[in-house]
$ cat work_36.txt   # compact mmCIF, C-alpha atoms
# COMPACT_ATOMS: atom_id res chain seq x y z
CA MET A 14 7.88 13.01 -16.03
CA LYS A 15 4.16 13.23 -15.41
CA LYS A 16 1.83 11.43 -17.79
CA LEU A 17 -0.60 13.60 -19.79
CA PHE A 18 -4.10 12.65 -20.91
CA VAL A 19 -5.45 14.75 -23.80
CA VAL A 20 -9.18 14.86 -24.41
CA PHE A 21 -10.36 15.66 -27.97
CA LEU A 22 -13.74 16.95 -29.10
CA VAL A 23 -15.24 14.45 -31.52
CA SER A 24 -17.23 15.41 -34.59
CA PHE A 25 -20.61 13.77 -34.91
CA LEU A 26 -22.04 12.27 -38.12
CA CYS A 27 -25.28 13.70 -39.42
CA VAL A 28 -27.80 10.88 -39.25
CA GLY A 29 -28.99 9.73 -42.68
CA CYS A 30 -26.86 12.14 -44.75
CA GLY A 31 -23.31 10.86 -44.31
CA LYS A 32 -21.96 14.39 -43.77
CA LYS A 33 -19.95 15.53 -40.74
CA GLU A 34 -21.64 18.10 -38.57
CA GLU A 35 -19.67 20.54 -36.38
CA PRO A 36 -20.42 20.21 -32.66
CA VAL A 37 -22.60 22.97 -31.23
CA ILE A 38 -20.83 25.12 -28.63
CA GLU A 39 -22.98 27.08 -26.22
CA GLU A 40 -22.22 30.77 -25.85
CA ASN A 41 -20.69 30.41 -22.38
CA GLU A 42 -19.02 27.05 -23.04
CA GLN A 43 -15.24 27.04 -22.92
CA LYS A 44 -13.83 26.63 -26.44
CA GLU A 45 -10.57 24.97 -25.43
CA GLU A 46 -10.21 21.94 -27.72
CA ASN A 47 -7.37 20.14 -25.94
CA PRO A 48 -7.75 20.43 -22.17
CA ILE A 49 -4.84 18.72 -20.41
CA VAL A 50 -5.41 16.59 -17.32
CA GLU A 51 -2.31 15.83 -15.25
CA THR A 52 -1.98 12.52 -13.43
CA VAL A 53 0.66 10.80 -11.30
CA ASP A 54 3.57 8.46 -11.99
CA ILE A 55 3.28 6.10 -9.01
CA ILE A 56 0.17 4.37 -10.35
CA ASP A 57 -2.36 4.60 -13.17
CA ILE A 58 -5.27 6.11 -11.26
CA TYR A 59 -7.66 5.18 -14.08
CA SER A 60 -6.66 1.50 -14.23
CA LYS A 61 -9.29 -1.04 -13.19
CA THR A 62 -6.80 -3.89 -12.89
CA ARG A 63 -7.10 -5.70 -9.55
CA PRO A 64 -4.07 -5.25 -7.31
CA TYR A 65 -2.22 -8.00 -5.47
CA ALA A 66 -1.78 -7.76 -1.69
CA VAL A 67 1.28 -9.81 -0.71
CA VAL A 68 2.31 -10.71 2.86
CA VAL A 69 6.06 -10.10 3.17
CA ASN A 70 8.33 -11.29 5.97
CA ASN A 71 9.57 -8.58 8.35
CA SER A 72 11.05 -10.75 11.10
CA PRO A 73 14.39 -9.29 12.25
CA ALA A 74 16.21 -12.43 11.06
CA ALA A 75 14.72 -12.19 7.57
CA VAL A 76 14.75 -8.44 6.88
CA LYS A 77 18.07 -8.85 5.06
CA VAL A 78 16.47 -11.03 2.35
CA GLN A 79 13.50 -8.75 1.59
CA THR A 80 13.02 -8.40 -2.15
CA GLY A 81 10.74 -6.37 -4.42
CA LEU A 82 9.26 -3.90 -1.93
CA GLN A 83 10.37 -0.77 -3.76
CA GLN A 84 7.99 -1.49 -6.65
CA ALA A 85 4.94 -1.66 -4.36
CA TYR A 86 2.82 1.48 -4.56
CA MET A 87 1.85 1.09 -0.90
CA VAL A 88 3.04 -1.07 1.99
CA TYR A 89 1.43 -1.61 5.40
CA GLU A 90 3.60 -2.52 8.38
CA ILE A 91 1.29 -4.45 10.71
CA PRO A 92 2.03 -5.68 14.24
CA VAL A 93 1.62 -9.39 14.97
CA GLU A 94 2.26 -11.60 17.98
CA GLY A 95 5.77 -12.02 19.37
CA GLY A 96 6.74 -8.34 19.15
CA ILE A 97 7.31 -8.43 15.37
CA THR A 98 5.50 -7.07 12.33
CA ARG A 99 4.57 -8.25 8.85
CA LEU A 100 4.39 -6.19 5.69
CA LEU A 101 1.41 -6.16 3.34
CA ALA A 102 2.66 -4.89 -0.01
CA PHE A 103 0.32 -3.83 -2.84
CA TYR A 104 1.26 -4.17 -6.52
CA LYS A 105 -0.68 -3.14 -9.60
CA ASP A 106 0.01 -3.15 -13.34
CA ILE A 107 3.56 -4.52 -13.03
CA ASN A 108 4.71 -6.95 -15.71
CA ASP A 109 6.87 -9.16 -13.47
CA LEU A 110 8.86 -8.95 -10.24
CA MET A 111 10.31 -11.36 -7.67
CA ILE A 112 8.86 -10.76 -4.18
CA GLY A 113 9.97 -12.26 -0.90
CA THR A 114 10.09 -13.68 1.45
CA ILE A 115 6.41 -14.58 1.80
CA ARG A 116 4.89 -15.27 5.21
CA SER A 117 1.58 -16.28 6.76
CA ALA A 118 -1.58 -14.19 7.03
CA ARG A 119 -3.43 -12.76 10.02
CA HIS A 120 -7.15 -12.04 9.85
CA ASN A 121 -6.78 -8.25 10.15
CA PHE A 122 -4.60 -8.19 7.04
CA LEU A 123 -7.71 -8.99 5.01
CA ASP A 124 -9.29 -5.68 6.05
CA TYR A 125 -6.82 -3.81 3.85
CA ALA A 126 -7.12 -6.23 0.92
CA PHE A 127 -10.91 -5.80 1.00
CA GLU A 128 -10.49 -2.02 0.64
CA GLN A 129 -9.10 -2.39 -2.87
CA ASP A 130 -10.64 -5.73 -3.89
CA ALA A 131 -7.11 -7.13 -4.01
CA ILE A 132 -6.13 -10.73 -4.68
CA PHE A 133 -4.54 -11.82 -1.41
CA VAL A 134 -1.21 -13.69 -1.44
CA CYS A 135 0.41 -15.40 1.56
CA TYR A 136 2.21 -18.54 2.69
CA GLY A 137 0.32 -19.95 5.66
CA TRP A 138 -2.32 -18.50 7.94
CA SER A 139 -3.50 -18.27 11.52
CA HIS A 140 -6.67 -20.23 12.25
CA TYR A 141 -8.59 -16.92 12.39
CA ALA A 142 -7.25 -15.93 8.96
CA GLN A 143 -8.05 -19.38 7.58
CA ASP A 144 -11.64 -19.12 8.78
CA ASP A 145 -12.04 -15.62 7.32
CA MET A 146 -10.38 -16.43 4.00
CA ASN A 147 -12.68 -19.40 3.50
CA SER A 148 -15.88 -17.73 4.73
CA THR A 149 -15.62 -14.27 3.12
CA GLY A 150 -15.03 -15.46 -0.43
CA ILE A 151 -11.87 -13.37 -0.85
CA ASN A 152 -9.72 -14.50 -3.78
CA TYR A 153 -6.51 -15.80 -2.22
CA ILE A 154 -3.35 -17.67 -3.14
CA ASN A 155 -1.77 -19.47 -0.18
CA GLY A 156 1.45 -21.47 -0.39
CA VAL A 157 0.25 -24.16 2.01
CA VAL A 158 -2.71 -24.84 -0.29
CA HIS A 159 -1.46 -23.69 -3.69
CA ALA A 160 2.24 -24.56 -3.95
CA LYS A 161 2.67 -23.84 -7.67
CA PRO A 162 3.17 -20.02 -7.58
CA PHE A 163 5.94 -20.25 -4.94
CA TRP A 164 9.50 -21.47 -4.69
CA ARG A 165 12.18 -21.78 -2.02
CA ASN A 166 15.51 -19.96 -1.97
CA ASN A 167 17.92 -19.61 0.94
CA PRO A 168 20.90 -17.35 0.13
CA GLU A 169 21.51 -16.46 3.80
CA ASN A 170 21.05 -19.90 5.41
CA LEU A 171 17.89 -18.96 7.28
CA ALA A 172 15.24 -21.20 8.81
CA THR A 173 12.82 -22.71 6.28
CA GLU A 174 9.96 -20.37 7.19
CA HIS A 175 12.03 -17.46 5.85
CA THR A 176 12.66 -18.91 2.38
CA ALA A 177 9.44 -18.69 0.31
CA TYR A 178 9.30 -16.45 -2.77
CA THR A 179 6.80 -15.68 -5.50
CA SER A 180 6.56 -13.34 -8.49
CA ILE A 181 4.01 -11.11 -10.14
CA GLY A 182 4.11 -13.38 -13.20
CA ASN A 183 3.39 -16.48 -11.11
CA ILE A 184 0.58 -14.74 -9.24
CA ARG A 185 -1.03 -13.53 -12.46
CA GLU A 186 -0.79 -16.94 -14.14
CA PHE A 187 -2.28 -18.74 -11.14
CA ALA A 188 -5.05 -16.15 -10.67
CA THR A 189 -6.00 -16.62 -14.32
CA SER A 190 -6.04 -20.41 -13.93
CA ARG A 191 -8.44 -20.01 -10.99
CA SER A 192 -10.68 -17.67 -13.03
CA PHE A 193 -10.25 -14.81 -10.55
CA ALA A 194 -11.69 -11.57 -11.90
CA GLY A 195 -8.96 -9.44 -13.45
CA THR A 196 -10.65 -6.07 -12.98
CA THR A 197 -12.48 -4.22 -10.24
CA GLU A 198 -14.72 -1.20 -9.86
CA LYS A 199 -13.14 -0.32 -6.51
CA GLY A 200 -10.81 2.64 -6.75
CA LEU A 201 -7.63 3.41 -4.85
CA VAL A 202 -7.61 4.03 -1.11
CA LEU A 203 -5.24 6.99 -1.30
CA ASN A 204 -5.64 10.27 -3.17
CA TYR A 205 -2.59 11.69 -4.91
CA ASP A 206 -1.54 15.20 -5.90
CA PRO A 207 0.44 15.40 -9.18
CA ASN A 208 2.50 18.13 -7.52
CA ASP A 209 4.66 17.75 -4.43
CA VAL A 210 2.55 18.23 -1.32
CA SER A 211 3.80 20.88 1.11
CA LEU A 212 2.71 20.53 4.74
CA ILE A 213 4.48 23.66 5.98
CA LYS A 214 1.29 25.72 6.31
CA GLU A 215 -0.95 22.91 7.58
CA GLU A 216 -2.25 23.01 11.15
CA GLN A 217 0.34 21.82 13.73
CA SER A 218 2.95 21.20 11.04
CA GLN A 219 6.41 20.22 12.28
CA VAL A 220 9.78 19.38 10.79
CA ALA A 221 10.14 15.64 10.16
CA ASN A 222 13.70 14.72 9.23
CA LYS A 223 13.73 11.57 11.35
CA ILE A 224 10.80 9.38 12.41
CA TYR A 225 11.25 6.61 14.98
CA ILE A 226 8.44 4.04 15.21
CA PRO A 227 8.89 1.25 17.77
CA SER A 228 6.75 -1.87 17.50
CA SER A 229 8.20 -3.64 20.54
CA ASN A 230 11.40 -3.94 22.56
CA THR A 231 12.90 -6.04 19.77
CA LEU A 232 11.73 -4.25 16.61
CA ASN A 233 11.62 -0.66 15.45
CA THR A 234 11.40 1.20 12.15
CA THR A 235 13.14 4.50 11.42
CA TYR A 236 12.84 6.83 8.45
CA GLU A 237 15.43 9.51 7.64
CA TYR A 238 14.70 12.29 5.16
CA ASP A 239 16.91 12.56 2.08
CA GLU A 240 16.54 16.24 1.21
CA VAL A 241 18.31 15.87 -2.15
CA ASN A 242 16.01 13.15 -3.50
CA LYS A 243 12.99 14.20 -1.38
CA VAL A 244 12.32 10.69 -0.09
CA TYR A 245 12.61 8.91 3.26
CA LYS A 246 15.21 6.16 3.66
CA ARG A 247 13.96 3.16 5.61
CA PHE A 248 15.86 1.52 8.49
CA VAL A 249 14.96 -1.54 10.61
CA ASN A 250 16.51 -1.84 14.07
CA GLY A 251 18.97 0.89 13.14
CA SER A 252 20.28 -0.77 9.98
CA ALA A 253 19.54 0.31 6.42
CA ASN A 254 16.68 -1.72 4.96
CA ILE A 255 18.24 -3.08 1.75
CA ASP A 256 16.73 -5.00 -1.15
CA HIS A 257 18.63 -8.31 -1.28
CA GLU A 258 18.60 -8.43 -5.08
CA THR A 259 19.25 -4.80 -6.08
CA LYS A 260 21.38 -3.93 -3.02
CA GLU A 261 19.58 -0.57 -2.87
CA GLN A 262 18.00 0.88 0.27
CA PHE A 263 14.23 1.00 0.37
CA THR A 264 12.77 4.50 0.30
CA THR A 265 9.33 6.04 0.45
CA LYS A 266 7.79 9.34 -0.54
CA ASN A 267 4.93 9.30 1.98
CA ILE A 268 4.51 7.91 5.48
CA ILE A 269 1.23 7.52 7.35
CA VAL A 270 1.38 6.53 11.00
CA GLN A 271 -2.00 5.07 11.92
CA LYS A 272 -2.54 4.66 15.66
CA ILE A 273 -4.78 1.71 16.58
CA ASN A 274 -5.98 -0.20 19.62
CA THR A 275 -4.69 -3.74 19.98
CA LYS A 276 -5.76 -6.65 22.14
CA MET A 277 -5.28 -10.38 22.40
CA ALA A 278 -7.69 -12.59 20.46
CA SER A 279 -9.86 -15.13 22.25
CA ASP A 280 -7.18 -17.84 22.02
CA ASN A 281 -4.86 -15.56 24.02
CA TYR A 282 -2.12 -15.94 21.40
CA TYR A 283 -2.86 -14.02 18.20
CA TRP A 284 -3.48 -10.28 18.18
CA ASP A 285 -6.76 -8.64 17.27
CA LEU A 286 -6.28 -5.18 15.77
CA GLU A 287 -9.06 -2.58 15.82
CA THR A 288 -8.79 -1.55 12.18
CA VAL A 289 -12.48 -0.58 11.98
CA GLY A 290 -13.52 2.62 13.74
CA SER A 291 -11.51 5.80 14.02
CA GLY A 292 -8.32 7.14 15.49
CA ASN A 293 -5.38 9.49 15.19
CA GLY A 294 -2.11 9.47 13.36
CA TYR A 295 0.40 11.45 11.33
CA PHE A 296 0.96 12.20 7.66
CA ILE A 297 4.59 12.79 6.70
CA THR A 298 6.03 13.91 3.36
CA ASN A 299 8.75 16.21 2.04
CA GLY A 300 10.37 16.81 5.41
CA TYR A 301 7.26 17.76 7.41
CA ALA A 302 4.62 16.00 9.49
CA VAL A 303 1.08 16.89 10.53
CA PRO A 304 -1.43 15.17 12.81
CA ILE A 305 -4.34 13.49 11.02
CA LYS A 306 -7.48 11.46 11.72
CA TRP A 307 -8.47 8.13 10.22
CA SER A 308 -11.83 6.35 9.98
CA LYS A 309 -13.08 3.06 8.55
CA LYS A 310 -16.77 2.10 8.70
CA THR A 311 -16.56 -1.65 8.02
CA ARG A 312 -13.95 -4.23 7.07
CA THR A 313 -14.63 -3.71 3.38
CA ASP A 314 -14.87 0.10 3.42
CA LYS A 315 -11.89 2.27 2.61
CA THR A 316 -9.90 3.88 5.39
CA ILE A 317 -10.27 7.65 5.07
CA TYR A 318 -7.37 9.85 6.18
CA THR A 319 -8.16 13.50 6.93
CA TYR A 320 -6.45 16.61 8.24
CA LEU A 321 -7.69 18.03 11.54
CA ASP A 322 -10.08 20.34 9.64
CA GLY A 323 -11.82 17.32 8.11
CA SER A 324 -10.49 17.70 4.56
CA GLU A 325 -9.12 14.52 2.99
CA VAL A 326 -5.36 14.06 2.84
CA LYS A 327 -3.74 14.15 -0.60
CA LEU A 328 -0.38 12.44 -0.91
CA SER A 329 2.69 13.38 -2.89
CA ASP A 330 3.25 11.42 -6.10
CA GLY A 331 5.21 8.39 -4.89
CA ASN A 332 5.05 5.21 -2.84
CA THR A 333 3.60 5.12 0.68
CA TYR A 334 4.29 3.19 3.88
CA ILE A 335 1.39 2.97 6.31
CA GLN A 336 2.68 2.17 9.79
CA LEU A 337 0.02 0.63 12.01
CA GLN A 338 1.19 1.34 15.55
CA SER A 339 -0.43 0.43 18.85
CA ASN A 340 -1.70 3.31 20.97
CA ASN A 341 0.51 1.83 23.68
CA GLN A 342 3.60 2.85 21.69
CA ASN A 343 4.87 6.35 20.91
CA VAL A 344 6.20 7.75 17.65
CA THR A 345 9.11 10.22 17.76
CA ILE A 346 9.34 12.90 15.06
CA GLU A 347 12.40 15.12 14.89
$ encode --input "work_36.txt" --output "structure tokens"
Amino acid sequence: MKKLFVVFLVSFLCVGCGKKEEPVIEENEQKEENPIVETVDIIDIYSKTRPYAVVVNNSPAAVKVQTGLQQAYMVYEIPVEGGITRLLAFYKDINDLMIGTIRSARHNFLDYAFEQDAIFVCYGWSHYAQDDMNSTGINYINGVVHAKPFWRNNPENLATEHTAYTSIGNIREFATSRSFAGTTEKGLVLNYDPNDVSLIKEEQSQVANKIYIPSSNTLNTTYEYDEVNKVYKRFVNGSANIDHETKEQFTTKNIIVQKINTKMASDNYYWDLETVGSGNGYFITNGYAVPIKWSKKTRTDKTIYTYLDGSEVKLSDGNTYIQLQSNNQNVTIE
């Protein structure tokens, strides 16, 4: 059920006389006393609470222990070296939740935390990410530096690097102990429509019941549309992507495929993603897909997603996966 905000006209006190005075209504002013403003369920769009951006393991070996992703209001899937990806999951105004497993940061991940002034959470870092996290002043919590908010658990007998967990409660407690600001004036990156968005009449609209997004020869993500529940079910390498704790398959309401240029960094090992600039992509919701454009002026500016006519994309009320995909790879929409 959608939340409703009701705005009331307030009577003003007559100065010096203690009597209430009726508000003056101009002749052409609307006399509706209780205008209703509809908002969305996925997130409180008026909240100024800082979000948390958490780096989640997406290595093929560790996908089966992923935990807590369904409660994220948006998740980026970001390519890294070795033909794999990492997830950057954003949480806001959640009381508590176990999240895992937590992995190391790459410098381009920060670009999306900056957009929302998020507190950045990871376990380890590349040397580029370490330099940026220390030089930019971003508020971060890193398991190799701050062990307290994290713990180890290994229900599937995986290698140690796949066993770190944290929780919203632990993150919040540690952030408070470090005197990180709890609020921000930066708004959300995405715009939401309280009603289901229909793409049928948009330019170059096409049916999107199945979306295949390869990252490399060893990793791919697929989404299949559930017409009954109007969400997309998520699959990794052909297998259902299941929360290890709830045993339920991860789903999403919206998908954005953001095509980017990629290159090797100067050390010829880590990747450098061109997240600043502009490019093409797709917006997918409710069984249809349309081509879109994206642009981002600087690392700290928001990424703007627009239809081909230049108008800004509005998303259906629900969670969103943003798939960063190299221009060297193709996306298949059926």
$ closest_residue --input "work_36.txt" --among "A:Gln336, A:Thr196, A:Thr311, A:Gln271" --to "A:Lys105" --atoms "only C-alpha atoms"
A:Thr196
$ axis_aligned_box --input "work_36.txt" --around "stretch 326-333 of chain A" --padding-each-side "4 Å" --output "JSON"
{"center_x": -0.1, "center_y": 9.6, "center_z": -1.6, "size_x": 18.6, "size_y": 17.0, "size_z": 16.9}
$ closest_residue --input "work_36.txt" --among "A:Trp284, A:Phe133, A:Tyr318, A:Tyr236" --to "A:Phe296" --atoms "only C-alpha atoms"
A:Tyr318
$ closest_residue --input "work_36.txt" --among "A:Tyr178, A:Tyr104, A:Tyr125, A:Phe187" --to "A:Arg165" --atoms "only C-alpha atoms"
A:Tyr178
$ closest_residue --input "work_36.txt" --among "A:Lys243, A:Glu94, A:Asp206, A:Asn281" --to "A:Ser229" --atoms "only C-alpha atoms"
A:Glu94
$ closest_residue --input "work_36.txt" --among "A:Asn166, A:Asn293, A:Thr264, A:Asn274" --to "A:Ala85" --atoms "all atoms listed in the file"
A:Thr264
$ closest_residue --input "work_36.txt" --among "A:Ile269, A:Thr288, A:Cys135, A:Tyr86" --to "A:Asp54" --atoms "only C-alpha atoms"
A:Tyr86
$ residues_near_point --input "work_36.txt" --point "(21.9, -16.9, 6.6)" --cutoff "12 Å" --atoms "all atoms listed in the file" --output "ChimeraX atom specification"
/A:74-78,166-173,175-176
$ atom_distance --input "work_36.txt" --atom1 "atom CA of A:Asn155" --atom2 "atom CA of A:Leu110"
18.0 Å
$ atom_distance --input "work_36.txt" --atom1 "atom CA of A:Gly292" --atom2 "atom CA of A:Lys276"
15.5 Å
$ atom_distance --input "work_36.txt" --atom1 "atom CA of A:Gln338" --atom2 "atom CA of A:Thr235"
13.0 Å
$ residues_around --input "work_36.txt" --residues "A:Gly300" --least-positions-apart "6" --cutoff "10 Å" --atoms "all atoms listed in the file" --output "list in words"
Ser211, Leu212, Ile213, Gln219, Val220, Ala221, Asn222, Lys223, Glu237, Tyr238, Asp239, Glu240, Lys243, Val244, Tyr245, Lys266, Asn267 and Glu347 of chain A
$ residues_around --input "work_36.txt" --residues "A:Asn343" --least-positions-apart "6" --cutoff "10 Å" --atoms "only C-alpha atoms" --output "list of chain:residue names"
A:Tyr225, A:Ile226, A:Pro227, A:Ser228, A:Lys272
$ residues_around --input "work_36.txt" --residues "A:Gly150" --least-positions-apart "2" --cutoff "12 Å" --atoms "only C-alpha atoms" --output "VMD selection string"
chain A and resid 123 127 130 132 to 133 143 to 148 152 to 153 193
$ residues_near_point --input "work_36.txt" --point "(-4.1, 10.9, -8.4)" --cutoff "7 Å" --atoms "all atoms listed in the file" --output "CSV table (one decimal) with C-alpha atoms, in the frame of the given file"
chain,number,residue,atom,x,y,z
A,52,THR,CA,-2.0,12.5,-13.4
A,53,VAL,CA,0.7,10.8,-11.3
A,58,ILE,CA,-5.3,6.1,-11.3
A,204,ASN,CA,-5.6,10.3,-3.2
A,205,TYR,CA,-2.6,11.7,-4.9
A,206,ASP,CA,-1.5,15.2,-5.9
A,207,PRO,CA,0.4,15.4,-9.2
$ decode --input "work_36.txt" --residues "stretch 217-239 of chain A" --atoms "N, CA and C atoms" --output "CSV table (one decimal), in the first residue's frame"
chain,number,residue,atom,x,y,z
A,217,GLN,N,11.2,3.1,-29.4
A,217,GLN,CA,11.9,1.8,-29.6
A,217,GLN,C,11.7,0.8,-28.5
A,218,SER,N,10.5,0.8,-27.9
A,218,SER,CA,10.1,-0.1,-26.9
A,218,SER,C,10.1,-1.5,-27.4
A,219,GLN,N,10.5,-2.5,-26.6
A,219,GLN,CA,10.5,-3.9,-27.0
A,219,GLN,C,10.2,-4.8,-25.8
A,220,VAL,N,9.6,-5.9,-26.1
A,220,VAL,CA,9.3,-6.9,-25.1
A,220,VAL,C,10.6,-7.4,-24.4
A,221,ALA,N,10.5,-7.5,-23.1
A,221,ALA,CA,11.7,-7.9,-22.3
A,221,ALA,C,11.3,-8.9,-21.3
A,222,ASN,N,11.1,-10.1,-21.7
A,222,ASN,CA,10.8,-11.2,-20.8
A,222,ASN,C,12.0,-11.9,-20.3
A,223,LYS,N,13.1,-11.8,-21.0
A,223,LYS,CA,14.4,-12.4,-20.6
A,223,LYS,C,15.5,-11.5,-21.0
A,224,ILE,N,16.4,-11.2,-20.1
A,224,ILE,CA,17.6,-10.4,-20.3
A,224,ILE,C,18.9,-11.1,-20.0
A,225,TYR,N,19.8,-11.2,-20.9
A,225,TYR,CA,21.0,-12.0,-20.7
A,225,TYR,C,22.2,-11.0,-20.8
A,226,ILE,N,22.9,-10.9,-19.7
A,226,ILE,CA,24.0,-9.9,-19.6
A,226,ILE,C,25.3,-10.6,-19.2
A,227,PRO,N,26.1,-10.9,-20.2
A,227,PRO,CA,27.4,-11.5,-19.9
A,227,PRO,C,28.5,-10.5,-19.4
A,228,SER,N,29.3,-10.9,-18.4
A,228,SER,CA,30.4,-10.1,-18.0
A,228,SER,C,31.7,-10.6,-18.5
A,229,SER,N,31.7,-11.9,-18.7
A,229,SER,CA,33.0,-12.6,-19.2
A,229,SER,C,32.6,-14.0,-19.7
A,230,ASN,N,33.6,-14.8,-20.1
A,230,ASN,CA,33.3,-16.1,-20.5
A,230,ASN,C,32.9,-17.0,-19.3
A,231,THR,N,33.2,-16.5,-18.1
A,231,THR,CA,32.9,-17.3,-16.9
A,231,THR,C,31.8,-16.8,-16.0
A,232,LEU,N,31.2,-15.7,-16.3
A,232,LEU,CA,30.2,-15.1,-15.5
A,232,LEU,C,29.1,-14.4,-16.3
A,233,ASN,N,27.9,-14.7,-16.1
A,233,ASN,CA,26.8,-14.0,-16.7
A,233,ASN,C,25.6,-13.9,-15.8
A,234,THR,N,24.8,-12.8,-16.0
A,234,THR,CA,23.6,-12.6,-15.2
A,234,THR,C,22.4,-12.6,-16.1
A,235,THR,N,21.3,-13.3,-15.7
A,235,THR,CA,20.1,-13.4,-16.5
A,235,THR,C,18.9,-12.9,-15.6
A,236,TYR,N,18.0,-12.2,-16.2
A,236,TYR,CA,16.7,-11.9,-15.5
A,236,TYR,C,15.6,-12.4,-16.3
A,237,GLU,N,14.6,-13.1,-15.6
A,237,GLU,CA,13.4,-13.6,-16.3
A,237,GLU,C,12.2,-12.9,-15.6
A,238,TYR,N,11.3,-12.5,-16.5
A,238,TYR,CA,10.1,-11.7,-16.0
A,238,TYR,C,9.1,-12.6,-15.4
A,239,ASP,N,8.6,-12.3,-14.2
A,239,ASP,CA,7.5,-13.0,-13.6
A,239,ASP,C,6.3,-12.1,-13.8
